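*Asks:* Could you have a look at this structure, given as structure tokens, before my questions?
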Protein chains: 2
Amino acid sequence: MAKTEIATLGEFGLIKHLTQDIELKNKSSQLGVGDDCAVLSQTEGMETLVTTDMLMEGVHFDLTYIPFKHLGYKSAQVNFSDIYAMGGMPKQITVSIAVDKRFGVEDLNDFYEGLKTACDQHGVDIVGGDTCSSRTGLAISITCIGEVEAGKAIRRDGAKETDIICVSGDLGAAYMGFQLLEREKQVYYKQIENAKTDAERLAISQPDFAGKEYLLERQMKPEARRDIITKLKEMNITPTSMMDISDGLSSELMHICTQSHVGCRVYEERIPIDYQTAVMAEEMNMNLTTAALNGGEDYELLFTVPITEHDKIEQMEGVKEIGYITKESLGKCLVTRDGNEFELKAQGWNPIKDL
Amino acid sequence: MAKTEIATLGEFGLIKHLTQDIELKNKSSQLGVGDDCAVLSQTEGMETLVTTDMLMEGVHFDLTYIPFKHLGYKSAQVNFSDIYAMGGMPKQITVSIAVDKRFGVEDLNDFYEGLKTACDQHGVDIVGGDTCSSRTGLAISITCIGEVEAGKAIRRDGAKETDIICVSGDLGAAYMGFQLLEREKQVYYKQIENAKTDAERLAISQPDFAGKEYLLERQMKPEARRDIITKLKEMNITPTSMMDISDGLSSELMHICTQSHVGCRVYEERIPIDYQTAVMAEEMNMNLTTAALNGGEDYELLFTVPITEHDKIEQMEGVKEIGYITKESLGKCLVTRDGNEFELKAQGWNPIKDL
């Protein structure tokens, strides 16, 4: 596709180009892009939630396989997910992106298209940001502002002994999607390396992902679980603690336990796993439970509810009870299918492991 | 100095290390670092301001001469400056930083020390953020949340014909500081290149910045003008438009004129310039007015007030009237010392010029 050099638009031309068709949807978005700050009005009885995420090329994403549109979509969703994880609703985002000379206006268009799609789905306004050049690869930083009823933010430190531990959706699929994409990338590189003629290069086949679409979708197009927050409210269930699963179930469970000063008991057989995830783990000779516990990027919700809510949770589609909260002294324990008990370890995604 | 590898602390160890001594100062900061989101309570009758800035190594800063402590300080100040530019008060920031293997825990300590110093001065709480690795140089993204009385945010689009144009402090010094640092860097590199023996290398002198301290301070340690906002309130002066001067006076004036649908008439002889700035421009054989108009990074406030406020402004220390607002059809005009008139052009800092 043609590449239009970004500099040709000028800084303000570029901002205008990317943001001119934005219509503010929320009453609270008083002033959006175009001044020193965005101005947001406050809703009586509500508190403001703020979360921010930085995504670096080569660390958090690989442009070899994630298209710009998906990257924009995913960057927005992972921020919304943090707002839902407090029981709130996302309302506004600011978007900063630093790009280098490899990229053109078309790439930014695609990125913004993905962003806007995600924002439209979740009723969120883009109210500000920063577009600048980078000497060194793509960097994305998004901040999301949300609202929650005053005093009702669901924190990580409220889990109590005997509470039931719940998880939405299924786990490990995003990680298996990542493994699949990495494998096919290596295969492709090897073919390129071995091809000696143009004919051979042309004959290199695209990977066949048939039957594995769900894994790719989970990796490249995660959906923040607004529906779960809405359902919990409808059913009048108030979790005692909640967070989203971005680094892996083990790691997140340990945060809840540490901050709530409790232990937990989680049953391997109850961890929700999709069929495609299981098939892929088998194919790649990987341990399925490890993928589900430590894979990360699921963006599902992990929460605890009082045991008295058990009957209601049972009726909730797409939510599974995977264990319960114990006294702190009992530790953080995984009970395997064959009845063995292991201490949970956080071996999930570590954003600073290379440093 | 010893370098402690960042990975040795682990992600959560690192966050704890950097943020453990943070005490939340503002009543509105209900929950800070350590959960999915920060929680902020709202003050009745106030609106929320949000601004964000991304700073990329090699584009916005050069680690050859800016120490980490100053980088932290400056990163915070430039965000506060945007909040003041709306007439508001900054209350919270989130801080994301992506670092590569060159950097150690000590560097992050210094960065946070600078951040915290700036935050303490301006009564701001650090309530969240993200620390991750980068494959490709340092990236910093800060979002600042502030408060302003509902309906009282000072925008760029309110300037009216006959309004007086005012500027705080003086202009061009940060730019001349940058030129000075760049020149000395080149001198140093040349000496390193020419030195053939260890003795010669040891004899390379550090640059002598005596008499030029103000320029360096303006470049490396900018101060957001909280004092001006406070004074304007005390004196009961309400600007009709305002913004901070980050890209250069010309560029910012053009924003105000374009968004307010007005013209302007600015007098060269009235543009405030410090003695050191003038000396340095002379020494470097650069046009002083160009430096003051287009230099950028001054982080002073540019604002317009009704002509009826003239007497009050005259009494305000550190604020200068540089011209007035005209009909849009009269254009944006600079009147030089010798009485010539030129059309103002935005030739300031362009963050995407390399793309």
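Residue numbers start at 1 in each chain; chains themselves are named A, B, ... in the order of the structure tokens; ligands are numbered from 1 in the order shown.
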For A:Met280, find every residue with an atom within 10 Å (counting only C-alpha atoms), except residues of its own chain fewer than 6 positions away, and show them as a list in words.

*Replies:*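 Close residues of A:Met280: Ala173, Met176, Gly177, Gln179, Leu180, Lys212, Leu215, Met286 and Leu288 of chain A.
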
*Asks:* Go ahead and write the selection's residues with N, CA and C atoms as a JSON list (two decimals), in the first residue's frame.

*Replies:*
```
[["chain", "number", "residue", "atom", "x", "y", "z"],
["A", 173, "ALA", "N", -5.93, -19.03, 26.22],
["A", 173, "ALA", "CA", -6.08, -18.99, 24.76],
["A", 173, "ALA", "C", -5.20, -17.91, 24.13],
["A", 176, "MET", "N", -1.72, -19.21, 23.96],
["A", 176, "MET", "CA", -1.52, -20.21, 22.91],
["A", 176, "MET", "C", -1.57, -19.53, 21.53],
["A", 177, "GLY", "N", -2.37, -18.49, 21.40],
["A", 177, "GLY", "CA", -2.39, -17.71, 20.16],
["A", 177, "GLY", "C", -1.02, -17.09, 19.90],
["A", 179, "GLN", "N", 1.87, -18.23, 21.04],
["A", 179, "GLN", "CA", 2.79, -19.32, 20.70],
["A", 179, "GLN", "C", 2.65, -19.72, 19.24],
["A", 180, "LEU", "N", 1.40, -19.79, 18.80],
["A", 180, "LEU", "CA", 1.11, -20.17, 17.43],
["A", 180, "LEU", "C", 1.70, -19.14, 16.45],
["A", 212, "LYS", "N", -8.06, -22.58, 14.29],
["A", 212, "LYS", "CA", -7.34, -21.95, 15.42],
["A", 212, "LYS", "C", -7.71, -20.46, 15.53],
["A", 215, "LEU", "N", -7.94, -18.75, 18.99],
["A", 215, "LEU", "CA", -6.67, -18.42, 19.66],
["A", 215, "LEU", "C", -6.11, -17.10, 19.15],
["A", 286, "MET", "N", 2.89, -28.62, 25.19],
["A", 286, "MET", "CA", 3.04, -27.73, 26.35],
["A", 286, "MET", "C", 2.05, -28.13, 27.42],
["A", 288, "LEU", "N", -0.90, -27.70, 29.65],
["A", 288, "LEU", "CA", -2.09, -26.88, 29.48],
["A", 288, "LEU", "C", -2.38, -26.02, 30.72]]
```

*Asks:* Apply DSSP to the structure's backbone, then extract all residues of stretch 118-287 of chain B labelled alpha helix (DSSP H) and return them as an NGL selection string.

*Replies:* :B and (118-122 or 173-194 or 198-202 or 213-220 or 226-234 or 249-260 or 275-283)

*Asks:* Show me a table, sorted first by chain and then by increasing residue number, of the residues of stretch 56-158 of chain B having an atom at most 12 Å from stretch 42-47 of chain A, each with its shortest atom pair and the distance in Å to one decimal, counting only C-alpha atoms and written as CSV.

*Replies:*
```
residue,atom,partner,partner_atom,distance
B:Glu147,CA,A:Gln42,CA,10.6
B:Val148,CA,A:Gln42,CA,11.3
B:Glu149,CA,A:Gln42,CA,11.2
B:Ala150,CA,A:Gln42,CA,9.1
B:Gly151,CA,A:Gln42,CA,11.6
```

*Asks:* Which distance in Å separates atom CA of B:Ser134 and atom CA of A:Thr4, to one decimal?

*Replies:*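 Separation of atom CA of B:Ser134 and atom CA of A:Thr4: 27.0 Å.
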
*Asks:* Quick one: residues within 6 Å of stretch 221-238 of chain B, only C-alpha atoms counted, chain neighbours fewer than 2 positions away excluded, as a count of residues only?

*Replies:* 6

*Asks:* I'd like to know which of B:Ile307, B:Val59, B:Val266, B:Met54 is closest to B:Ile322, using only C-alpha atoms.

*Replies:*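 Once distances to B:Ile322 are computed over only C-alpha atoms, the minimum belongs to B:Val266.
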
*Asks:* With only C-alpha atoms considered, list every residue of chain A at most 7 Å from chain B, as a PyMOL selection string.

*Replies:* chain A and resi 5-7+11+35-42+47-54+56+58-59+82-83+85-86+96+100-101+129-130+132-137+141+155-156+243+350-355

*Asks:* Store the residues picked out above in a file with N, CA and C atoms, as a compact mmCIF listing (two decimals), in the first residue's frame.

*Replies:*
```txt
# COMPACT_ATOMS: atom_id res chain seq x y z
N GLU A 5 4.16 10.08 3.84
CA GLU A 5 5.04 10.49 4.93
C GLU A 5 4.29 11.35 5.92
N ILE A 6 4.45 11.04 7.19
CA ILE A 6 3.69 11.71 8.24
C ILE A 6 4.05 13.20 8.31
N ALA A 7 5.33 13.52 8.11
CA ALA A 7 5.78 14.91 8.22
C ALA A 7 5.06 15.84 7.23
N GLU A 11 2.56 18.82 12.35
CA GLU A 11 2.06 18.31 13.63
C GLU A 11 0.56 18.53 13.80
N ASP A 35 -6.84 21.62 23.05
CA ASP A 35 -6.41 22.67 23.97
C ASP A 35 -5.28 22.11 24.83
N ASP A 36 -4.86 22.85 25.87
CA ASP A 36 -3.78 22.34 26.72
C ASP A 36 -4.22 21.09 27.48
N CYS A 37 -5.49 21.04 27.83
CA CYS A 37 -6.03 19.91 28.59
C CYS A 37 -7.41 19.56 28.03
N ALA A 38 -7.85 18.36 28.35
CA ALA A 38 -9.26 18.02 28.18
C ALA A 38 -9.97 18.47 29.45
N VAL A 39 -11.24 18.83 29.33
CA VAL A 39 -12.03 19.22 30.50
C VAL A 39 -13.18 18.22 30.67
N LEU A 40 -13.27 17.63 31.85
CA LEU A 40 -14.30 16.64 32.13
C LEU A 40 -15.17 17.11 33.27
N SER A 41 -16.47 17.04 33.09
CA SER A 41 -17.33 17.41 34.21
C SER A 41 -17.56 16.18 35.08
N GLN A 42 -17.96 16.42 36.29
CA GLN A 42 -18.10 15.33 37.25
C GLN A 42 -19.56 14.99 37.45
N GLU A 47 -16.96 8.60 41.69
CA GLU A 47 -15.54 8.85 41.82
C GLU A 47 -14.88 8.60 40.47
N THR A 48 -13.66 9.15 40.31
CA THR A 48 -12.94 9.03 39.05
C THR A 48 -11.91 7.90 39.15
N LEU A 49 -11.84 7.08 38.12
CA LEU A 49 -10.81 6.03 38.05
C LEU A 49 -9.79 6.42 36.98
N VAL A 50 -8.53 6.17 37.25
CA VAL A 50 -7.48 6.47 36.28
C VAL A 50 -6.55 5.27 36.14
N THR A 51 -6.29 4.87 34.91
CA THR A 51 -5.33 3.79 34.67
C THR A 51 -4.51 4.13 33.44
N THR A 52 -3.29 3.63 33.39
CA THR A 52 -2.44 3.94 32.25
C THR A 52 -1.61 2.72 31.88
N ASP A 53 -1.34 2.57 30.59
CA ASP A 53 -0.57 1.43 30.10
C ASP A 53 0.37 1.90 29.01
N MET A 54 1.60 1.40 29.05
CA MET A 54 2.55 1.73 28.02
C MET A 54 2.85 0.45 27.25
N MET A 56 5.34 -1.11 24.28
CA MET A 56 6.55 -0.86 23.50
C MET A 56 6.73 -1.95 22.43
N GLY A 58 8.33 -4.66 20.22
CA GLY A 58 9.37 -5.64 20.51
C GLY A 58 9.30 -6.18 21.93
N VAL A 59 8.51 -5.51 22.78
CA VAL A 59 8.35 -5.99 24.15
C VAL A 59 6.90 -6.45 24.33
N ASP A 82 -8.89 -2.56 32.79
CA ASP A 82 -8.49 -2.11 34.13
C ASP A 82 -9.59 -1.33 34.83
N ILE A 83 -10.37 -0.58 34.06
CA ILE A 83 -11.48 0.19 34.65
C ILE A 83 -12.57 -0.78 35.10
N ALA A 85 -12.16 -3.74 35.96
CA ALA A 85 -11.62 -4.50 37.09
C ALA A 85 -11.82 -3.79 38.43
N MET A 86 -12.20 -2.51 38.39
CA MET A 86 -12.54 -1.80 39.63
C MET A 86 -14.05 -1.69 39.77
N SER A 96 -1.21 8.57 23.40
CA SER A 96 0.08 9.07 22.92
C SER A 96 0.73 7.98 22.09
N ASP A 100 8.33 5.99 14.22
CA ASP A 100 9.55 6.34 13.49
C ASP A 100 9.28 6.35 11.99
N LYS A 101 10.34 6.57 11.23
CA LYS A 101 10.22 6.81 9.80
C LYS A 101 9.66 5.63 9.00
N GLY A 129 -4.15 13.63 23.66
CA GLY A 129 -3.02 12.78 23.38
C GLY A 129 -1.86 13.53 22.80
N ASP A 130 -0.99 12.80 22.20
CA ASP A 130 0.30 13.32 21.79
C ASP A 130 0.78 12.42 20.66
N CYS A 132 4.19 11.99 18.34
CA CYS A 132 5.54 12.52 18.17
C CYS A 132 6.41 11.49 17.48
N SER A 133 7.61 11.91 17.15
CA SER A 133 8.48 10.96 16.48
C SER A 133 9.34 10.23 17.49
N SER A 134 9.79 9.07 17.08
CA SER A 134 10.63 8.21 17.89
C SER A 134 11.85 7.88 17.05
N ARG A 135 13.01 7.80 17.66
CA ARG A 135 14.21 7.38 16.94
C ARG A 135 14.30 5.87 16.90
N THR A 136 13.41 5.22 17.65
CA THR A 136 13.71 3.87 18.08
C THR A 136 12.49 2.97 18.22
N GLY A 137 11.62 2.97 17.23
CA GLY A 137 10.52 2.02 17.33
C GLY A 137 9.28 2.64 17.93
N SER A 141 1.20 4.94 24.56
CA SER A 141 0.81 5.11 25.95
C SER A 141 -0.63 5.60 25.99
N ARG A 155 -11.59 -3.13 45.02
CA ARG A 155 -10.13 -3.18 45.12
C ARG A 155 -9.64 -4.62 45.19
N ARG A 156 -8.32 -4.75 45.31
CA ARG A 156 -7.74 -6.09 45.38
C ARG A 156 -7.67 -6.60 46.82
N MET A 243 -9.81 -8.08 40.00
CA MET A 243 -8.79 -7.51 39.12
C MET A 243 -8.89 -8.19 37.76
N ASN A 350 6.47 -10.94 32.62
CA ASN A 350 7.22 -9.98 33.42
C ASN A 350 7.78 -8.91 32.49
N PRO A 351 7.24 -7.71 32.59
CA PRO A 351 7.61 -6.66 31.64
C PRO A 351 9.02 -6.12 31.83
N ILE A 352 9.72 -6.53 32.89
CA ILE A 352 11.08 -6.02 33.06
C ILE A 352 12.12 -7.13 33.07
N LYS A 353 11.72 -8.31 32.58
CA LYS A 353 12.65 -9.44 32.67
C LYS A 353 13.94 -9.23 31.87
N ASP A 354 13.89 -8.39 30.84
CA ASP A 354 15.08 -8.18 30.01
C ASP A 354 16.07 -7.18 30.61
N LEU A 355 15.72 -6.55 31.71
CA LEU A 355 16.55 -5.42 32.19
C LEU A 355 17.66 -5.87 33.14
```

*Asks:* Pick out the closest residue to B:Asp208 from this set: B:Glu184, B:Glu300, B:Glu321, B:Glu343. Count only C-alpha atoms.

*Replies:*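 Under the stated criterion, the closest residue is B:Glu184.
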
*Asks:* Measure the distance from atom CA of B:Glu200 to atom CA of B:Arg183 in Å and round it to one decimal.

*Replies:*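 According to the coordinates, atom CA of B:Glu200 and atom CA of B:Arg183 are separated by 20.8 Å.
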
*Asks:* Among stretch 105-339 of chain B, which residues does DSSP mark as strand (DSSP E) when it is run on the backbone? Keep the chain and numbering as in the structure and answer as a PyMOL selection string.

*Replies:* chain B and resi 125-133+139-149+164-168+241-244+263-267+301-305+319-326+332-335

*Asks:* For the atom pair atom CA of A:Ser241 and atom CA of A:Ala76, what is the interatomic distance in Å to one decimal place?

*Replies:*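 These two atoms are separated by 23.4 Å.
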
*Asks:* Taking into account only C-alpha atoms, which residue in the set B:Thr197, B:Thr277, B:Gln121, B:Gln191 is nearest to B:Ala174?

*Replies:*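 Nearest candidate to B:Ala174 out of B:Thr197, B:Thr277, B:Gln121, B:Gln191: B:Thr277.
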
*Asks:* Could you tell me which of B:Leu216, B:Leu301, B:Gly296, B:Val124 comes closest to B:Gly318 if we count only C-alpha atoms?

*Replies:*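 Nearest candidate to B:Gly318 out of B:Leu216, B:Leu301, B:Gly296, B:Val124: B:Leu301.
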